[in-house]
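K.L.:
Dropping a structure here in structure tokens format, bear with me for questions.
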Amino acid sequence: MTPAPDDILELAHDWLAAGRGVALATVVRTWGSSPRPAGSQMAVDAGGSFAGSVSGGCIEAAVIEEALASIGDGRARLLDFGVSDEAAWEVGLACGGRVQVLVERLKADALFDRLLTLRASRRPAALVSRLADGVQALVEADRVTGALALSADEFAQARARLVSGQSGVLEDGQSFVRVHAPAPRLLIVGAAHIAQFLAPMASMAGFAVTLIDPRRAFLQEARFPGIALSGEWPDEAMARLAPDAGSAVVTLTHDPKLDDPALAAALASPAFYIGALGSERTHAKRLARLAEQGLAGETQRIHAPVGLKLGGRQPGEIAVAILAQIIAVRHRSAG
């Protein structure tokens with residue numbers, strides 16, 4: 001099975017631990033209709049095994065050849081490729097473009113270990129690589145480490161990319177920032193009909209979805225195939241899942257016994273989005289209850305009635321409106 005993009009570094013680490021030489025290829029710039037966006041990666045071992053993709057098939061063979069050379073001599077390589085219209089068509093694009101790929105031998109050093117530790121704990125980080133020679137620095141929210149010295153402006157640019165989640169080249173064009181951010185999470189309270197549309201849609205959009213509902217009649221795997229399910233009471237589930245700045249929380253039950261504890265926990269967290277289903281009248285009553293819990297100063301964070309005003313009333317349409325609002329808020333918050 002081909003690993004997911006976020007698993008490529010873990011696989012590369014396993015290869016290194018097994019004593020295999022490894023190189024990492026990263027798309028750093030694209031022009032035109034390039035098959036893969038900046039930040040896309042492919043790991044290659046000394047035997048020619050590879051995982052991931054930098055082009056969807058157009059240039060992989062050439063990149064693997066350069067990766068093997070990098071493993072042999074330890075030098076980083078900055079490669080330029082033109083993707084022909086014919087090759088682009090073969091991977092599903094209408095026309096070609098250009099792609100620039102940085103290939104560098106991977107080392108099991110303190111910087112790489114730190115990056116893996118941060119990823120495992122769902123803490124975002126950005127790896128800055130100088131394109132000329134592959135020298136690197138690791139940028140976290142409050143510090144930078146590594147052999148590559150960054151100016152105050154470069155550090156600010158790298159941090160801005162870390163917040164936005166967008167990999168890319170720094171303004172001077174000399175270094176590339178590869179953002180390693182955990183997948184955003186969506187915690188849904190209430191296995192309602194809307195959740196049957198929202199959960200799989202959010203999963204396809206790249207969210208790690210957990211559905212919470214202690215009502216066994218609602219929380220059935222057959223209704224939510226492939227979705228992580230929790231039969232805990234919402235306050236217990238939220239305490240265990242601990243919403244972070246990469247989490248969205250949506251309540252769908254209309255039942256204060258379920259929605260209110262989840263909302264209270266979400267309001268006490270740095271969750272980037274909190275939404276609650278219900279009419280304006282229902283929400284007014286909800287606000288009053290939350291105010292009694294001393295949360296009046298936080299309730300403006302709740303999006304209610306939940307979702308963008310798209311005009312649809314069917315469960316699937318409401319789910320689209322909710323997910324659209326979550327995505328909009330996420331990128332607005334990052335910016």
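In the structure tokens, chains take the letters A, B, ... in the order shown, each chain's residues start at 1, and ligands count up from 1 in the order shown.
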Please provide as an MDAnalysis selection string all residues within 9 Å of stretch 8-10 of chain A, with the sequence filter that same-chain residues fewer than 6 positions apart are discarded (counting only C-alpha atoms).
P.N.:
chainID A and resid 24 41:43 51:52 116
K.L.:
Just asking: which residues within stretch 73-287 of chain A are strand (DSSP E or B) according to DSSP, as a PDB file with C-alpha atoms, in the first residue's frame?
P.N.:
```pdb
ATOM      1  CA  ARG A  77      20.681  18.822  -6.144  1.00  0.00           C
ATOM      2  CA  LEU A  78      18.235  21.403  -7.458  1.00  0.00           C
ATOM      3  CA  LEU A  79      16.565  19.980 -10.556  1.00  0.00           C
ATOM      4  CA  ASP A  80      14.464  21.774 -13.187  1.00  0.00           C
ATOM      5  CA  PHE A  81      11.997  19.915 -15.363  1.00  0.00           C
ATOM      6  CA  GLY A  82       9.611  20.949 -18.078  1.00  0.00           C
ATOM      7  CA  VAL A  83       6.422  18.903 -18.089  1.00  0.00           C
ATOM      8  CA  GLY A  97       4.306  23.366 -16.996  1.00  0.00           C
ATOM      9  CA  ARG A  98       7.595  23.444 -15.104  1.00  0.00           C
ATOM     10  CA  VAL A  99       8.622  22.007 -11.786  1.00  0.00           C
ATOM     11  CA  GLN A 100      11.717  22.482  -9.638  1.00  0.00           C
ATOM     12  CA  VAL A 101      12.728  19.679  -7.268  1.00  0.00           C
ATOM     13  CA  LEU A 102      15.254  19.705  -4.430  1.00  0.00           C
ATOM     14  CA  VAL A 103      16.928  16.326  -3.861  1.00  0.00           C
ATOM     15  CA  GLU A 104      18.961  15.819  -0.689  1.00  0.00           C
ATOM     16  CA  ARG A 105      20.375  12.864   1.194  1.00  0.00           C
ATOM     17  CA  ALA A 125       7.062  22.881  12.359  1.00  0.00           C
ATOM     18  CA  ALA A 126       8.715  24.178   9.203  1.00  0.00           C
ATOM     19  CA  LEU A 127      11.949  22.842   7.726  1.00  0.00           C
ATOM     20  CA  VAL A 128      13.876  25.537   5.858  1.00  0.00           C
ATOM     21  CA  SER A 129      16.370  24.267   3.260  1.00  0.00           C
ATOM     22  CA  ARG A 130      18.880  26.449   1.423  1.00  0.00           C
ATOM     23  CA  GLN A 136      18.685  23.355   6.962  1.00  0.00           C
ATOM     24  CA  ALA A 137      16.978  25.026   9.898  1.00  0.00           C
ATOM     25  CA  LEU A 138      13.921  23.881  11.825  1.00  0.00           C
ATOM     26  CA  VAL A 139      11.402  26.604  12.675  1.00  0.00           C
ATOM     27  CA  VAL A 144      14.751  28.106  15.265  1.00  0.00           C
ATOM     28  CA  THR A 145      17.462  25.436  15.371  1.00  0.00           C
ATOM     29  CA  GLY A 146      19.891  23.965  12.863  1.00  0.00           C
ATOM     30  CA  GLY A 168       6.998  27.789  -0.477  1.00  0.00           C
ATOM     31  CA  VAL A 169      10.165  29.708  -1.277  1.00  0.00           C
ATOM     32  CA  SER A 175      15.558  28.930   0.623  1.00  0.00           C
ATOM     33  CA  PHE A 176      12.489  26.690   0.628  1.00  0.00           C
ATOM     34  CA  VAL A 177      10.115  26.280   3.574  1.00  0.00           C
ATOM     35  CA  ARG A 178       8.468  22.866   3.871  1.00  0.00           C
ATOM     36  CA  VAL A 179       5.626  23.112   6.376  1.00  0.00           C
ATOM     37  CA  HIS A 180       4.874  20.022   8.446  1.00  0.00           C
ATOM     38  CA  ARG A 185      -9.359  17.691  13.092  1.00  0.00           C
ATOM     39  CA  LEU A 186     -13.140  17.851  13.081  1.00  0.00           C
ATOM     40  CA  LEU A 187     -14.921  16.722  16.231  1.00  0.00           C
ATOM     41  CA  ILE A 188     -18.630  16.241  15.547  1.00  0.00           C
ATOM     42  CA  VAL A 189     -21.026  15.873  18.467  1.00  0.00           C
ATOM     43  CA  ALA A 208      -9.267  13.733  10.731  1.00  0.00           C
ATOM     44  CA  VAL A 209     -12.878  13.235  11.825  1.00  0.00           C
ATOM     45  CA  THR A 210     -14.163  11.904  15.146  1.00  0.00           C
ATOM     46  CA  LEU A 211     -17.891  11.491  15.743  1.00  0.00           C
ATOM     47  CA  ILE A 212     -19.065  11.653  19.356  1.00  0.00           C
ATOM     48  CA  ALA A 228     -13.624   7.240  14.105  1.00  0.00           C
ATOM     49  CA  LEU A 229     -16.508   6.834  16.561  1.00  0.00           C
ATOM     50  CA  SER A 230     -16.685   7.663  20.269  1.00  0.00           C
ATOM     51  CA  SER A 247      -9.337  21.478  15.625  1.00  0.00           C
ATOM     52  CA  ALA A 248     -12.904  22.354  14.684  1.00  0.00           C
ATOM     53  CA  VAL A 249     -15.876  21.387  16.847  1.00  0.00           C
ATOM     54  CA  VAL A 250     -19.468  21.128  15.607  1.00  0.00           C
ATOM     55  CA  THR A 251     -22.501  20.177  17.691  1.00  0.00           C
ATOM     56  CA  TYR A 273     -13.740  26.844  14.788  1.00  0.00           C
ATOM     57  CA  ILE A 274     -16.805  26.151  16.957  1.00  0.00           C
ATOM     58  CA  GLY A 275     -20.232  25.702  15.388  1.00  0.00           C
ATOM     59  CA  ALA A 276     -23.635  24.736  16.707  1.00  0.00           C
TER      60      ALA A 276
END
```
K.L.:
Taking only C-alpha atoms into account, which of A:Glu66, A:Glu232, A:Glu171, A:Asp45 comes nearest A:Arg216?
P.N.:
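When distances to A:Arg216 are compared using only C-alpha atoms, the smallest one comes from A:Glu232.
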K.L.:
Select, from A:Glu140, A:Asp133, A:Asp255, A:Glu154, the residue with the minimum atom-to-atom distance to A:Leu115, counting only C-alpha atoms.
P.N.:
A:Glu140
K.L.:
Between A:Ser53, A:Ser269, A:Arg159, A:Leu111, single out the one closest to A:Ala147, counting only C-alpha atoms.
P.N.:
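Of the candidates, the smallest distance to A:Ala147 is held by A:Leu111.
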K.L.:
Could you check the closest approach to A:Met204 for each of A:Ser55, A:His303, A:Thr117, A:Ile227 and tell me which residue wins, using only C-alpha atoms?
P.N.:
A:Ile227
K.L.:
If you measure from atom CA of A:Gly294 to atom CA of A:Ala268, what distance in Å do you get, rounded to one decimal?
P.N.:
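Those two atoms sit 11.2 Å apart.
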K.L.:
Using the chain letters and numbers from this document, which residues of stretch 58-134 of chain A does DSSP assign to helix (DSSP H, G or I), as a PyMOL selection string?
P.N.:
chain A and resi 60-73+85-90+110-120
K.L.:
Do you know which residues are at most 6 Å from A:Asp213 counting only C-alpha atoms, after dropping those on the same chain fewer than 2 positions away, and could you put them as a compact mmCIF listing (two decimals) with C-alpha atoms, in the first residue's frame?
P.N.:
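File produced: out20.txt:
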```
# COMPACT_ATOMS: atom_id res chain seq x y z
CA GLY A 190 -24.21 14.14 17.45
CA ARG A 215 -26.65 7.27 22.09
CA GLY A 231 -19.57 6.53 22.48
```
K.L.:
Smallest atom-to-atom distance to A:Ile327: which of A:Gly311, A:Gly57, A:Gly134, A:Gly246, using only C-alpha atoms?
P.N.:
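With only C-alpha atoms as the atom set, the closest residue is A:Gly246.
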K.L.:
I'd like the contact shell of A:Val22 - 12 Å cut-off, only C-alpha atoms, skipping same-chain residues fewer than 4 positions apart - returned as a ChimeraX atom specification.
P.N.:
/A:8-9,11-18,42-51,64,66-74,103-108
K.L.:
Just how far from atom CA of A:Lys285 is atom CA of A:Thr253, in Å to one decimal?
P.N.:
14.7 Å
K.L.:
Out of A:Asp142, A:Phe155, A:Ala183, A:Gly19, which residue has the shortest atom-to-atom distance to A:Ala245 when counting only C-alpha atoms?
P.N.:
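Among A:Asp142, A:Phe155, A:Ala183, A:Gly19, it is A:Ala183 that comes nearest to A:Ala245.
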K.L.:
Would you work out the distance separating atom CA of A:Ser203 from atom CA of A:Pro225, expressed in Å to one decimal?
P.N.:
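Between atom CA of A:Ser203 and atom CA of A:Pro225 the gap is 11.3 Å.
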